[in-house]
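**Student:** Structure file upload_16.txt (compact mmCIF, C-alpha atoms) is given on the next line.
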```
# COMPACT_ATOMS: atom_id res chain seq x y z
CA ALA A 195 30.53 101.71 187.34
CA GLY A 196 26.96 100.76 186.54
CA GLY A 197 26.26 99.54 190.09
CA TRP A 198 28.87 96.80 189.84
CA HIS A 199 31.49 96.70 192.49
CA LYS A 200 34.30 94.59 191.14
CA ALA A 201 35.80 94.13 194.58
CA VAL A 202 32.61 92.58 195.98
CA VAL A 203 32.31 90.13 193.08
CA LEU A 204 35.97 89.20 193.38
CA ASP A 205 35.63 88.88 197.16
CA ARG A 206 32.76 86.42 196.69
CA VAL A 207 34.82 84.42 194.21
CA GLU A 208 37.72 84.47 196.67
CA GLU A 209 35.37 83.31 199.45
CA ALA A 210 34.34 80.40 197.25
CA ALA A 211 37.94 79.45 196.67
CA ALA A 212 38.84 79.75 200.37
CA ALA A 213 35.81 77.75 201.46
CA THR A 214 36.77 75.07 198.97
CA MET A 215 40.17 74.62 200.56
CA ALA A 216 38.52 73.79 203.88
CA ASP A 217 35.74 71.79 202.26
CA ALA A 218 35.86 68.03 202.68
CA GLU A 219 34.95 66.05 199.60
CA GLN A 220 31.25 65.49 200.03
CA PRO A 221 29.70 62.89 197.79
CA GLY A 222 26.15 63.31 196.66
CA GLU A 223 23.96 65.14 194.22
CA LEU A 224 24.58 68.78 193.42
CA ALA A 225 21.71 71.22 193.39
CA PRO A 226 20.86 72.13 189.80
CA THR A 227 22.51 75.13 188.20
CA THR A 228 20.07 77.45 186.49
CA GLY A 229 20.42 78.97 183.04
CA ALA A 230 20.67 82.34 184.79
CA PHE A 231 24.26 81.47 185.67
CA VAL A 232 25.29 82.31 182.09
CA ALA A 233 24.27 85.91 182.80
CA TYR A 234 26.07 85.82 186.17
CA PHE A 235 29.21 84.49 184.47
CA ALA A 236 28.94 87.30 181.90
CA ALA A 237 28.58 89.87 184.70
CA VAL A 238 31.71 88.61 186.45
CA LEU A 239 33.74 88.56 183.23
CA SER A 240 32.47 92.00 182.23
CA SER A 241 33.46 93.37 185.62
CA LEU A 242 36.92 91.81 185.42
CA ALA A 243 37.47 93.07 181.87
CA ARG A 244 36.49 96.61 182.90
CA GLY A 245 39.25 96.44 185.48
CA GLY A 246 41.65 96.08 182.57
CA GLY A 247 44.09 93.81 184.30
CA ASN A 248 47.68 93.66 183.23
CA GLU A 249 47.96 94.08 179.52
CA ALA A 250 50.76 91.57 178.99
CA ARG A 251 49.91 90.15 175.57
CA THR A 252 48.90 86.49 175.54
CA GLY A 253 47.58 84.10 172.92
CA PHE A 254 44.09 85.10 174.04
CA HIS A 255 44.46 88.74 173.01
CA ALA A 256 42.59 89.98 169.97
CA VAL A 257 44.18 92.56 167.70
CA ARG A 258 41.27 94.87 168.56
CA VAL A 259 38.41 94.74 171.02
CA PRO A 260 35.59 92.57 169.61
CA GLN A 261 32.44 94.49 168.69
CA ILE A 262 30.13 92.03 170.47
CA ARG A 263 29.53 92.55 174.19
CA ILE A 264 30.70 89.66 176.38
CA GLU A 265 27.10 89.18 177.59
CA ASP A 266 25.88 88.68 174.01
CA TYR A 267 28.87 86.51 173.15
CA LEU A 268 28.18 84.16 176.07
CA GLN A 269 24.50 83.95 175.14
CA ARG A 270 25.60 82.95 171.63
CA ILE A 271 27.94 80.32 173.09
CA ALA A 272 25.16 79.00 175.35
CA GLN A 273 22.74 78.81 172.43
CA PHE A 274 25.03 77.05 169.97
CA PHE A 275 27.25 74.97 172.25
CA GLN A 276 24.15 73.47 173.85
CA CYS A 277 26.25 72.52 176.82
CA SER A 278 24.96 72.13 180.34
CA THR A 279 24.79 75.24 182.49
CA GLU A 280 27.27 73.56 184.84
CA CYS A 281 29.89 74.16 182.16
CA PHE A 282 29.67 77.91 182.81
CA VAL A 283 30.42 77.39 186.50
CA LEU A 284 33.39 75.20 185.60
CA ALA A 285 34.55 77.78 183.06
CA LEU A 286 34.61 80.45 185.76
CA ILE A 287 36.54 78.19 188.13
CA TYR A 288 39.09 77.45 185.39
CA ILE A 289 39.56 81.14 184.61
CA ASP A 290 40.01 81.84 188.30
CA ARG A 291 42.66 79.12 188.43
CA ILE A 292 44.58 80.87 185.65
CA VAL A 293 44.48 84.19 187.48
CA LYS A 294 45.64 82.58 190.73
CA LEU A 295 48.41 80.52 189.13
CA HIS A 296 49.56 83.41 186.93
CA PRO A 297 49.05 86.75 188.74
CA GLU A 298 50.55 88.54 185.76
CA PHE A 299 47.66 87.30 183.61
CA GLY A 300 45.12 90.09 183.38
CA ILE A 301 41.60 89.87 182.01
CA SER A 302 40.75 92.69 179.64
CA SER A 303 38.33 93.61 176.88
CA ARG A 304 40.92 92.33 174.38
CA ASN A 305 41.18 88.78 175.79
CA VAL A 306 37.92 88.08 177.65
CA HIS A 307 36.05 86.72 174.60
CA ARG A 308 38.67 84.13 173.63
CA LEU A 309 39.19 83.24 177.27
CA ALA A 310 35.45 82.64 177.74
CA LEU A 311 35.17 80.68 174.48
CA THR A 312 38.05 78.41 175.39
CA SER A 313 37.03 77.86 179.01
CA VAL A 314 33.45 76.92 178.11
CA MET A 315 34.63 74.62 175.32
CA ILE A 316 37.03 72.82 177.66
CA SER A 317 34.34 72.60 180.33
CA ALA A 318 31.89 71.05 177.86
CA LYS A 319 34.46 68.50 176.73
CA PHE A 320 35.33 67.58 180.30
CA PHE A 321 31.88 67.60 181.89
CA ASP A 322 29.23 66.86 179.27
CA ASP A 323 28.58 63.49 177.70
CA VAL A 324 28.07 65.02 174.26
CA TYR A 325 30.28 67.71 172.78
CA TYR A 326 31.31 68.98 169.35
CA SER A 327 34.55 69.28 167.40
CA ASN A 328 36.95 72.20 167.73
CA ALA A 329 35.99 73.16 164.18
CA TYR A 330 32.39 73.64 165.30
CA TYR A 331 33.36 75.55 168.46
CA SER A 332 35.67 77.80 166.46
CA ARG A 333 32.89 78.69 163.99
CA VAL A 334 30.55 79.59 166.87
CA GLY A 335 33.27 81.69 168.49
CA GLY A 336 34.44 83.40 165.33
CA VAL A 337 38.02 82.12 165.34
CA ARG A 338 39.90 79.77 163.03
CA THR A 339 40.12 76.10 163.96
CA LYS A 340 43.92 76.24 164.23
CA GLU A 341 43.64 79.17 166.64
CA MET A 342 40.99 77.29 168.67
CA ASN A 343 43.34 74.31 168.93
CA ASN A 344 46.20 76.56 170.08
CA LEU A 345 44.00 78.36 172.61
CA GLU A 346 42.87 75.02 174.04
CA VAL A 347 46.45 73.84 174.58
CA LEU A 348 47.52 77.20 176.04
CA PHE A 349 44.54 77.24 178.42
CA LEU A 350 45.20 73.69 179.62
CA GLN A 351 48.87 74.51 180.19
CA LEU A 352 47.92 77.63 182.17
CA ILE A 353 45.74 75.57 184.54
CA ASN A 354 48.35 72.79 184.68
CA TRP A 355 45.83 70.40 183.13
CA GLN A 356 43.83 70.47 186.39
CA LEU A 357 40.23 70.03 185.22
CA TYR A 358 38.76 68.20 188.18
CA VAL A 359 36.50 70.33 190.40
CA SER A 360 35.18 68.88 193.64
CA PRO A 361 31.43 69.12 194.31
CA GLY A 362 32.12 71.47 197.20
CA GLU A 363 34.27 73.79 195.12
CA PHE A 364 31.64 73.81 192.39
CA GLU A 365 28.81 74.67 194.79
CA ASN A 366 30.86 77.35 196.56
CA TYR A 367 31.67 79.16 193.32
CA ARG A 368 28.15 78.83 191.96
CA ASP A 369 26.46 79.98 195.15
CA ASN A 370 28.85 82.84 195.93
CA VAL A 371 28.80 84.24 192.40
CA THR A 372 25.02 83.94 192.26
CA ALA A 373 24.65 85.74 195.61
CA ALA A 374 27.15 88.45 194.64
CA VAL A 375 25.52 89.19 191.29
CA GLN A 376 21.98 89.09 192.68
CA GLY A 377 23.11 91.34 195.52
CA MET A 378 24.56 93.83 193.05
CA ALA A 379 21.33 93.92 191.06
CA ALA A 380 19.35 94.60 194.24
CA GLU A 381 21.54 97.55 195.26
CA PRO A 382 20.03 100.98 194.68
CA PRO A 383 21.95 103.09 192.17
CA PRO A 384 24.45 105.53 193.69
CA ALA A 385 23.09 109.01 194.35
CA ALA A 386 23.94 111.54 191.67
CA GLU A 387 26.48 114.14 192.66
CA GLY A 388 25.92 117.84 192.36
```
As C-alpha cells, please, write out the structure in this file.
**Tutor:**
Amino acid sequence: AGGWHKAVVLDRVEEAAAATMADAEQPGELAPTTGAFVAYFAAVLSSLARGGGNEARTGFHAVRVPQIRIEDYLQRIAQFFQCSTECFVLALIYIDRIVKLHPEFGISSRNVHRLALTSVMISAKFFDDVYYSNAYYSRVGGVRTKEMNNLEVLFLQLINWQLYVSPGEFENYRDNVTAAVQGMAAEPPPAAEG
C-alpha cells in the first residue's frame, strides 16, 4: 500500500523496544532529534491506522473518521504546540506502550487523531519546560476541554502512569523509526501487474 510495509515499520519499532530491554542506562547527551521526525511519526501512525487494528470502541474513537489526514493533523500540532521534536518520539513510545500493555487496543482511522493529540500533549507536559493548558491543546486538536481532560486521564491509565523513558530507549525508537521510514522512501515502487 503506497510503498509502506507495515510489518517492516512495526519490526523496527519492536527492535527498538527489544534493544531497550537489554540497554543499560547510559548517562550523557542525546543526539538531537530533527523536525523530520514529525513526518516519520505521521508515517508510522498512518501505517498502523491503515491496518485497522481491533475496532473495540475506546474513549479515543471519533464518531466518524476525521476529514484531516493524520500527517496534516500532526503538522498542525507541531506548529501550534510549539513543543520540542523529542515530544514526538516520546509520543510514539507511549502509544507503543499502550499497544503492548493492551493487545486488544487497535489503532484505526477513527482513533489515531485523538491518540496522537493526547500522546503529544502528555509528552510536552512531561518533557518540555514550557507547555500550555488543556484548554489550549483541545482548541488546537479540535476537541472540547472536558474531552481532552478525559483523554489525558485515560491515556495515563493505559500506560500505567509510566512516563519515564530512558535515554537508550529514546534513541533506539528514534533511530529505528527514522531508518525504517527512510528505508521505505528509498524503496522502488512495486512493479505493476499485468
**Student:** List as a list in words the protein and nucleic acid residues near region 251-256 of chain A, meaning an atom at most 7 Å away when only C-alpha atoms are counted, but skip any in the same chain fewer than 2 places from it.
**Tutor:**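 After dropping sequence-adjacent residues, the list is Glu249, Arg258, Val259, Arg304, Asn305, Arg308, Leu309 and Leu345 of chain A.
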**Student:** Which of these residues is nearest to Gly335 (chain A), using all atoms listed in the file: A:Leu352, A:Ala374, A:Leu268, A:Leu284?
**Tutor:** A:Leu268
**Student:** Using all atoms listed in the file, which residues of region 255-339 of chain A come within 10 Å of region 235-241 of chain A, and what is the closest atom pair for each, with the distance in Å to one decimal? Give it as JSON lines, sorted by chain and residue number.
**Tutor:**
```
{"residue": "A:Arg263", "atom": "CA", "partner": "A:Ser240", "partner_atom": "CA", "distance": 8.6}
{"residue": "A:Ile264", "atom": "CA", "partner": "A:Ala236", "partner_atom": "CA", "distance": 6.3}
{"residue": "A:Glu265", "atom": "CA", "partner": "A:Ala236", "partner_atom": "CA", "distance": 5.0}
{"residue": "A:Asp266", "atom": "CA", "partner": "A:Ala236", "partner_atom": "CA", "distance": 8.6}
{"residue": "A:Tyr267", "atom": "CA", "partner": "A:Ala236", "partner_atom": "CA", "distance": 8.8}
{"residue": "A:Leu268", "atom": "CA", "partner": "A:Ala236", "partner_atom": "CA", "distance": 6.7}
{"residue": "A:Gln269", "atom": "CA", "partner": "A:Ala236", "partner_atom": "CA", "distance": 8.8}
{"residue": "A:Phe282", "atom": "CA", "partner": "A:Phe235", "partner_atom": "CA", "distance": 6.8}
{"residue": "A:Val283", "atom": "CA", "partner": "A:Phe235", "partner_atom": "CA", "distance": 7.5}
{"residue": "A:Ala285", "atom": "CA", "partner": "A:Phe235", "partner_atom": "CA", "distance": 8.7}
{"residue": "A:Leu286", "atom": "CA", "partner": "A:Phe235", "partner_atom": "CA", "distance": 6.9}
{"residue": "A:Ile289", "atom": "CA", "partner": "A:Leu239", "partner_atom": "CA", "distance": 9.5}
{"residue": "A:Ile301", "atom": "CA", "partner": "A:Leu239", "partner_atom": "CA", "distance": 8.1}
{"residue": "A:Ser302", "atom": "CA", "partner": "A:Ser240", "partner_atom": "CA", "distance": 8.7}
{"residue": "A:Ser303", "atom": "CA", "partner": "A:Ser240", "partner_atom": "CA", "distance": 8.1}
{"residue": "A:Val306", "atom": "CA", "partner": "A:Leu239", "partner_atom": "CA", "distance": 7.0}
{"residue": "A:His307", "atom": "CA", "partner": "A:Leu239", "partner_atom": "CA", "distance": 9.1}
{"residue": "A:Leu309", "atom": "CA", "partner": "A:Leu239", "partner_atom": "CA", "distance": 9.7}
{"residue": "A:Ala310", "atom": "CA", "partner": "A:Leu239", "partner_atom": "CA", "distance": 8.3}
```
**Student:** Filtering to C-alpha atoms, could you give me those residues as a short mmCIF file (atom, residue, chain, number, x, y, z; two decimals), keeping the file's coordinate frame?
**Tutor:**
```
data_model
loop_
_atom_site.label_atom_id
_atom_site.label_comp_id
_atom_site.auth_asym_id
_atom_site.auth_seq_id
_atom_site.Cartn_x
_atom_site.Cartn_y
_atom_site.Cartn_z
CA ARG A 263 29.53 92.55 174.19
CA ILE A 264 30.70 89.66 176.38
CA GLU A 265 27.10 89.18 177.59
CA ASP A 266 25.88 88.68 174.01
CA TYR A 267 28.87 86.51 173.15
CA LEU A 268 28.18 84.16 176.07
CA GLN A 269 24.50 83.95 175.14
CA PHE A 282 29.67 77.91 182.81
CA VAL A 283 30.42 77.39 186.50
CA ALA A 285 34.55 77.78 183.06
CA LEU A 286 34.61 80.45 185.76
CA ILE A 289 39.56 81.14 184.61
CA ILE A 301 41.60 89.87 182.01
CA SER A 302 40.75 92.69 179.64
CA SER A 303 38.33 93.61 176.88
CA VAL A 306 37.92 88.08 177.65
CA HIS A 307 36.05 86.72 174.60
CA LEU A 309 39.19 83.24 177.27
CA ALA A 310 35.45 82.64 177.74
#
```
**Student:** Please determine, counting only C-alpha atoms, which residue among A:Ile316, A:Asn343, A:Arg244, A:Ala373 has the shortest atom-to-atom distance to Trp355 (chain A).
**Tutor:**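 Going through A:Ile316, A:Asn343, A:Arg244, A:Ala373 one by one, the smallest distance to Trp355 (chain A) is for A:Ile316.
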**Student:** Mind giving me the straight-line distance from CA of Ala318 (chain A) to CA of Cys277 (chain A) in Å, one decimal?
**Tutor:**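 Atom-to-atom, CA of Ala318 (chain A) to CA of Cys277 (chain A), that is 5.9 Å.
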**Student:** Pick out the closest residue to Ile287 (chain A) from this set: A:Thr372, A:Val359, A:Gln261, A:Ser327. Count only C-alpha atoms.
**Tutor:** A:Val359
**Student:** Could you tell me how far CA of Gly362 (chain A) sits from CA of Thr312 (chain A), in Å to one decimal place?
**Tutor:**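 Those two atoms sit 23.6 Å apart.
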**Student:** Have a look at CA of Ser332 (chain A) and CA of His296 (chain A) and let me know their distance in Å, one decimal.
**Tutor:**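 Separation between CA of Ser332 (chain A) and CA of His296 (chain A): 25.4 Å.
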**Student:** Would you please work out which residue, of A:Asp369, A:Val347, A:Phe364, A:Arg333, is nearest to Cys281 (chain A) when using only C-alpha atoms?
**Tutor:** A:Phe364
**Student:** Given the choices A:Ala329, A:Val375, A:Leu242, A:Val334, which gets closest to Phe299 (chain A) if the distance is worked out from all atoms listed in the file?
**Tutor:**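 Closest residue, counting all atoms listed in the file: A:Leu242.
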**Student:** Point out the residue among A:Phe231, A:Lys319, A:Lys294, A:Ala243 with the least atom-to-atom distance to Thr279 (chain A), counting only C-alpha atoms.
**Tutor:**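 Of A:Phe231, A:Lys319, A:Lys294, A:Ala243, the one nearest Thr279 (chain A) is A:Phe231, counting only C-alpha atoms.
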